[in-house]
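For reference, the structure discussed in these notes is given below.
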There are 2 protein chains.
Amino acid sequence: MNGAESLLRSLVASGVDVCFANPGTSEMHFVAALDCVPGMRAVLVLQENVATGAADGYARMTGRPACTLLHLGPGLANGLANLHNARRAASPIVNIVGDHASFHLAYDAPLTSDVKGFARPVSAWLQSSSSARDVGADAARAVRAALEPPGEIATLILPADTAWQEAEGVAPRLAPSAPAAVAEATIAEIAKRLGTGRKAAILMRGQALLDRGLTAAGRIAAKTGARLMCDTSAPRIQRGAGRPNVERLPYLSEHAVQFLAGTELLILVGAKPPVSFFGYPDKASWLTPDGCQIATLAMPHEDGVAALQALTDACGATNVPPRLTDLAPPDYPLHGALTPDLVMRVVARHLPANAIVADEAVSAGLPYYDLTAAAAPHDYLNITGGAIGCMMAVSTGAAIACPDRKVVTLQGDGSAMYILPALWTQAREALDVTTVIYANRGYKILNSELLRVGAANGGRNAASLLDLTNPTIDWVLLASGLGVDAVKAETPTEFETAFVRAMQTRGPHLIEAVV
Amino acid sequence: MNGAESLLRSLVASGVDVCFANPGTSEMHFVAALDCVPGMRAVLVLQENVATGAADGYARMTGRPACTLLHLGPGLANGLANLHNARRAASPIVNIVGDHASFHLAYDAPLTSDVKGFARPVSAWLQSSSSARDVGADAARAVRAALEPPGEIATLILPADTAWQEAEGVAPRLAPSAPAAVAEATIAEIAKRLGTGRKAAILMRGQALLDRGLTAAGRIAAKTGARLMCDTSAPRIQRGAGRPNVERLPYLSEHAVQFLAGTELLILVGAKPPVSFFGYPDKASWLTPDGCQIATLAMPHEDGVAALQALTDACGATNVPPRLTDLAPPDYPLHGALTPDLVMRVVARHLPANAIVADEAVSAGLPYYDLTAAAAPHDYLNITGGAIGCMMAVSTGAAIACPDRKVVTLQGDGSAMYILPALWTQAREALDVTTVIYANRGYKILNSELLRVGAANGGRNAASLLDLTNPTIDWVLLASGLGVDAVKAETPTEFETAFVRAMQTRGPHLIEAVV
């Protein structure tokens with residue numbers, strides 16, 4: 001077998017069975033191998049940021065890496081922004097990046113670039129295969145590296161000749177490290193501090209925000225009165241009816257400071273201490289109140305779920321039932337204007353059980369997160385690294401990971417323009433994704449940021465750079481052009497009708513919500 | 001004045017007066033400063049690859065840098081592919097990349113990334129300002145670096161606090177280096193070689209392909225019989241009626257080898273020796289015939305035009321009239337199918353004088369380049385670095401650089417999907433750009449590459465990854481959704497009618513040519 005087949009068979013042997021691909025000439029042997037090797041689903045995307053964002057969404061929902069197939073340095077470069085987000089999400093991903101044949105690199109042909117240079121800022125593991133004989137083993141190592149807790153980006157560069165030359169065969173799967181155990185002394189120490197009556201909060205991230213971790217955290221909260229929290233950029237949280245409620249840190253630093261006020265003990269489980277998203281003139285970056293003790297129960301690479309379960313026992317909360325959220329989606333009026341608040345209320349009320357919500361509504365979404373707290377049980381995916389143009393791709397990958405679950409993307413119009421080709425892949429793969437575009441016709445969050453940094457002066461040029469009218473983007477035409485069923489909603493009734501219909505009909509939909 | 005104003009005034013003082021911007025929070029002071037500083041035209045783009053591609057097009061047409069305004073590492077990352085192309089075009093560009101306030105970097109907030117790491121592979125000059133007092137001088141240095149012959153990418157990273165703190169003032173323009181003069185001995189030596197009767201060819205790039213260089217080269221060709229050539233990826237060439245004809249090297253290496261066969265002396269003027277675009281199994285990367293002498297008249301950073309003029313004198317060709325192309329656009333039939341060949345014939349016949357053609361038609365364009373050789377005089381822009389998703393952005397910048405000239409973008413459908421947001425900026429700025437989409441519904445060039453690398457096996461998976469049907473993209477809907485007048489053409493008559501109308505009507509148009 002040639003290197004491409006060895007690569008593909010080794011990836012499959014290591015448990016990688018989905019590939020988000022935008023191949024070019026240097027990847028043609030890999031493409032051809034897809035027809036001889038069973039077990040790999042290849043999903044064509046029309047721009048690389050869709051591939052990397054989809055791999056992020058797939059990893060968030062499965063805990064397993066998909067691979068991407070990218071064409072040389074520029075192909076990788078086009079996917080870097082969503083790899084930045086995926087790195088912040090600790091999503092395991094294996095990037096396969098083709099390069100020129102090794103003998104061709106010396107000629108500095110037009111597409112030659114510093115592929116490793118592009119990859120380094122986002123890759124925890126980075127290697128270029130030096131011969132076809134190494135490709136299989138390199139692939140197995142890449143998968144193991146991606147699964148290193150809590151999850152990493154591994155990038156494997158394959159010179160074209162390593163794909164077409166004769167290879168060794170299939171490399172066996174390499175077992176990744178298990179998450180490290182938290183020391184018993186740490187658990188005992190934190191249990192003791194929790195028992196002192198200090199106002200405590202548990203800030204969680206990663207596996208701790210899924211059911212087993214939440215149940216343990218819910219028992220501790222019920223027993224000790226500790227608040228349960230996650231940060232604004234938590235990659236994934238399970239919430240809604242039947243689950244303990246976890247408060248999300250507000251996005252704006254002054255709100256976050258208020259939110260944390262009075263906390264005397266902050267316990268970190270896979271999370272870092274909260275800091276503001278941006279630095280501002282005369283505002284603090286560090287958000288924890290003065291004098292608040294910060295105690296780390298589990299680092300991101302440690303087993304936070306086991307640590308929470310052990311802490312439950314150490315607190316005497318083993319049999320304490322957690323306080324669970326009742327199903328109580330918010331009401332809304334059908335008169336008046338369609339607002340971001342109302343959109344979120346409609347979503348909360350009509351979200352089917354077990355849905356996945358991928359939220360990149362930015363200014364139109366951040367303040368309304370709590371409205372979905374008592375919706376039917378669902379998974380909520382946040383934008384983790386702040387690189388916009390993420391969630392239409394993440395939801396594409398999430399839908400491939402979870403074909404039986406409804407996926408709802410809440411997407412700002414400014415950020416949607418970055419990732420439009422994702423809709424085409426949703427149509428081609430008939431994915432059950434409903435995209436809600438918050439068509440507020442501007443980079444609205446920047447209007448507030450302009451004020452917050454003290455730069456607003458009411459000038460025409462500044463206003464024009466934050467404005468998406470002239471021309472107004474027609475999302476129904478854009479979605480239809482890419483094969484996705486689309487409708488515009490300008491009133492609460494229109495939005496409710498469109499959203500309910502989308503929830504009841506499988507397949508990709510887009511609703512342009514004019515807010 | 002604050003750092004942002006100092007930056008902006010220093011850029012204007014250095015001759016930079018266009019900014020292609022997609023700003024975020026860390027760039028808000030720069031945005032605000034646009035309203036106090038006259039002389040900078042800010043053009044909003046909806047994705048960063050449009051900004052960098054437009055800056056490339058602007059530089060190709062003016063020889064001067066525009067600046068880009070990009071938001072932190074991910075914003076820069078989104079623009080890297082077209083910076084790769086711009087680097088290969090030797091286009092002067094100044095990237096202004098915002099970063100977190102310096103005091104905020106230590107907190108590793110979600111958007112924190114290795115901005116320098118992302119920038120390094122494409123930037124010849126790279127610096128991060130350390131205080132507001134340095135910003136003006138750093139900007140002047142960045143502009144000088146960008147103008148270093150033949151043209152470079154300069155990237156200036158500005159931590160947000162360097163924008164809002166008090167600055168020094170306006171930095172004066174720094175004179176860039178002039179292109180180095182070619183030694184007289186080199187010119188004499190090449191003149192001597194040209195006189196020996198060997199079959200010679202002059203391979204040109206850069207300024208040598210504009211009128212003054214072409215006139216000199218045309219005299220030499222008329223006197224000595226040397227062929228005039230440029231490479232497939234030449235950034236810009238002036239051609240058409242009234243100019244000497246320059247043959248373009250074919251894209252496919254076996255055609256290029258044939259094209260160069262018999263050449264005994266290859267004279268390089270700002271060009272590198274020709275190599276194949278990709279390396280293939282059992283094919284040579286080096287294209288020049290065995291035994292061919294390669295002589296460098298001018299390196300890319302040297303004054304190739306002056307060298308050609310001096311060579312004219314040294315050859316005794318000073319008063320020899322160059323052979324000029326007669327206006328003789330090709331005919332075409334109006335019956336039969338619409339083909340890429342016919343599209344190019346219609347373009348050649350109806351191209352107005354002084355138009356700019358930006359060609360990224362890839363498989364649908366490469367074989368038909370010669371059809372425009374005897375069209376009305378025009379500038380032809382090629383994709384220089386092979387990173388697709390380039391020309392709709394390049395033509396956006398070219399139209400801003402040359403508002404009185406018609407711009408025609410020849411764009412493959414696969415590559416158009418990478419750079420769709422460019423259409424919105426063309427609509428907003430009412431740019432006189434006509435985009436022809438070659439809707440062949442696939443990555444057709446990869447079908448041939450699959451064969452060429454010996455990987456074709458007729459499999460379904462491979463075919464599916466190169467295919468853009470299911471769903472078929474509707475370009476008329478996409479363009480209309482972004483505010484651009486659009487029409488579909490399925491027959492020669494429909495295409496001719498649409499193209500002639502677009503040539504006669506100012507403003508942005510898109511024609512979906514179903515080929």
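As shown in the structure tokens, the chain order sets the letters A, B, ...; within each chain, residues go from 1, and ligands are also counted from 1 in the order they appear.
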| message | When DSSP is applied to the backbone of this structure, which of region 146-387 of chain A are assigned strand (DSSP E or B)? Write them out as a PyMOL selection string. | response | chain A and resi 153-159+166+180+200-204+227-230+237-239+247-248+265-269+275+286+293-298+302+355-360+378-382
| request: Using DSSP on the backbone coordinates, identify all residues within region 119-193 of chain B classified as alpha helix (DSSP H); present the result as an MDAnalysis selection string. | output: chainID B and resid 119 132:146 160:164 184:193
So that I have them on file, write out the residues from the current selection with C-alpha atoms, as a compact mmCIF listing (two decimals), in the first residue's frame.
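After the write, out-v8.txt holds the following:
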```txt
# COMPACT_ATOMS: atom_id res chain seq x y z
CA ALA B 119 2.57 36.97 10.93
CA ALA B 132 2.28 55.02 22.11
CA ARG B 133 5.35 57.21 21.71
CA ASP B 134 6.83 54.74 19.22
CA VAL B 135 3.75 54.18 17.12
CA GLY B 136 4.26 57.02 14.64
CA ALA B 137 7.90 56.18 13.97
CA ASP B 138 7.08 52.47 13.74
CA ALA B 139 4.41 53.25 11.13
CA ALA B 140 6.89 55.26 9.06
CA ARG B 141 9.37 52.39 9.27
CA ALA B 142 6.68 49.91 8.27
CA VAL B 143 5.84 51.92 5.15
CA ARG B 144 9.50 52.20 4.22
CA ALA B 145 9.94 48.46 4.70
CA ALA B 146 6.89 47.72 2.52
CA ALA B 160 -4.48 48.44 22.41
CA ASP B 161 -2.88 50.67 25.05
CA THR B 162 -0.44 52.06 22.46
CA ALA B 163 -3.54 53.42 20.70
CA TRP B 164 -5.14 55.15 23.66
CA GLU B 184 27.34 47.74 -16.59
CA ALA B 185 29.50 44.64 -16.96
CA THR B 186 26.41 42.44 -16.55
CA ILE B 187 24.61 44.34 -19.31
CA ALA B 188 27.63 44.16 -21.62
CA GLU B 189 28.05 40.44 -20.96
CA ILE B 190 24.39 39.68 -21.74
CA ALA B 191 24.45 41.85 -24.86
CA LYS B 192 27.45 39.83 -26.01
CA ARG B 193 25.68 36.54 -25.40
```
| Leu126 (chain A): which residues within 8 Å, counting only C-alpha atoms, same-chain residues fewer than 3 positions away excluded, as number ranges by chain? | A: 116, 119-120, 123, 154-157
Would you mind exporting the chosen residues as a short mmCIF file (atom, residue, chain, number, x, y, z; two decimals), in the first residue's frame, restricted to N, CA and C atoms?
```cif
data_model
loop_
_atom_site.label_atom_id
_atom_site.label_comp_id
_atom_site.auth_asym_id
_atom_site.auth_seq_id
_atom_site.Cartn_x
_atom_site.Cartn_y
_atom_site.Cartn_z
N LYS A 116 4.93 24.83 8.76
CA LYS A 116 5.12 24.68 10.21
C LYS A 116 4.94 26.02 10.93
N ALA A 119 1.37 26.61 11.41
CA ALA A 119 0.72 25.65 12.32
C ALA A 119 1.10 25.85 13.78
N ARG A 120 2.30 26.35 14.03
CA ARG A 120 2.85 26.33 15.38
C ARG A 120 1.97 27.04 16.42
N SER A 123 -0.87 24.57 17.41
CA SER A 123 -0.65 23.13 17.50
C SER A 123 0.16 22.76 18.73
N ALA A 154 -3.36 18.48 17.04
CA ALA A 154 -2.17 17.83 16.49
C ALA A 154 -2.16 18.08 14.99
N THR A 155 -1.04 18.51 14.47
CA THR A 155 -0.94 18.81 13.04
C THR A 155 0.15 17.96 12.41
N LEU A 156 -0.25 17.19 11.43
CA LEU A 156 0.69 16.30 10.72
C LEU A 156 0.81 16.81 9.29
N ILE A 157 2.03 17.17 8.91
CA ILE A 157 2.29 17.68 7.56
C ILE A 157 2.80 16.52 6.71
#
```
| Distance criterion (only C-alpha atoms): nearest to chain B out of A:Val170, A:Leu76, A:Ala54, A:Ile237 |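 Between A:Val170, A:Leu76, A:Ala54, A:Ile237, the residue approaching chain B most closely is A:Leu76.
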